[in-house]
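See below for the structure under consideration.
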Amino acid sequence: MLSVFTLLLLPITIADLNQRIIPNIYLKLLGCFMAFSFIMKGFPSSTLVFTVGIFSMFLLLLNVGMGDIKLLIILILTFELDLIGYLVLVLAVAAVHIVISSARKRAIPRSIPMAPAIILGFITYMASR
């Protein structure tokens, strides 16, 4: 089941790298997967839902894209990820992306596509779980 979910993440990465936008159609597919997961496993704890809601508002204040926020919400709630541990991995992958982009272009990028960092962090987190 996890491998099918991971395959759904590949087009999101490609779209975000090419256009810097995560199309809603992919997020709707992941949302259907999330709904199926809720039916099978039950809903996540109210504490996790509240924490993710507060964290999402914080990301909005930081001007993170809505597609990235929706992707994070779907991943965290579907797999009930440890918020702090997962976000540390995402930030580490994003930092590596920034360093590589800076070295290649000889300038610090103003923005980066976050979906690859979110997805690589997710794969790494799930592999170490």
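Quick note on naming: the chains in the structure tokens go A, B, ... in the order shown, residues restart at 1 in each chain, and ligands are numbered from 1 in order of appearance.
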
Practice problem: Mind the document's chain letters and residue numbers, and return as an MDAnalysis selection string the residues of chain A that DSSP labels alpha helix (DSSP H). | Solution: chainID A and resid 2:19 24:41 46:61 66:79 83:105 115:128

Self-check item: Exercise: Met34 in chain A partners within 12 Å, only C-alpha atoms, chain neighbours under 6 positions left out, as a PyMOL selection string
Solution: chain A and resi 1-2+5+27-28+40-44+70-71+73-80

Quiz item: Between A:Leu17, A:Leu81, A:Gly65, A:Leu30, which one has atoms that come closest to Thr51 in chain A, using only C-alpha atoms?
Solution: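 Closest to Thr51 in chain A, using only C-alpha atoms: A:Leu81.
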
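Note that the spacing between CA of Leu8 in chain A and CA of Tyr26 in chain A amounts to 7.5 Å.
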
Exercise. List the neighbours of Leu9 in chain A out to 12 Å using only C-alpha atoms; skip same-chain residues closer than 3 positions along the sequence, and give me the result as a PyMOL selection string.
Key: chain A and resi 2-6+12-16+22-23+25-27+29-30+33+71-72+74-75+115-120+122-123

For those residues, write C-alpha atoms to a file as a CSV table (one decimal), in the first residue's frame.
chain,number,residue,atom,x,y,z
A,2,LEU,CA,2.9,2.4,0.8
A,3,SER,CA,4.6,1.7,-2.5
A,4,VAL,CA,1.4,2.7,-4.4
A,5,PHE,CA,1.2,5.8,-2.4
A,6,THR,CA,4.9,6.6,-3.1
A,12,ILE,CA,4.0,15.8,-7.8
A,13,THR,CA,7.8,16.0,-7.6
A,14,ILE,CA,8.1,16.4,-11.4
A,15,ALA,CA,5.3,19.0,-11.6
A,16,ASP,CA,6.8,21.0,-8.7
A,22,ILE,CA,1.5,21.2,-7.3
A,23,PRO,CA,-1.6,20.5,-9.3
A,25,ILE,CA,-5.6,16.8,-9.2
A,26,TYR,CA,-2.7,14.9,-7.5
A,27,LEU,CA,-3.7,16.2,-4.1
A,29,LEU,CA,-6.0,11.5,-5.5
A,30,LEU,CA,-3.9,11.6,-2.3
A,33,PHE,CA,-6.1,7.6,-0.4
A,71,LEU,CA,0.8,17.9,0.8
A,72,LEU,CA,2.3,18.1,4.3
A,74,ILE,CA,-2.1,14.7,3.8
A,75,LEU,CA,1.2,13.0,4.6
A,115,ALA,CA,7.6,19.0,-2.9
A,116,PRO,CA,10.9,17.1,-3.6
A,117,ALA,CA,12.1,17.9,-0.1
A,118,ILE,CA,8.8,16.9,1.5
A,119,ILE,CA,8.7,13.7,-0.5
A,120,LEU,CA,12.3,12.7,0.1
A,122,PHE,CA,8.8,11.3,3.8
A,123,ILE,CA,10.5,8.4,2.1
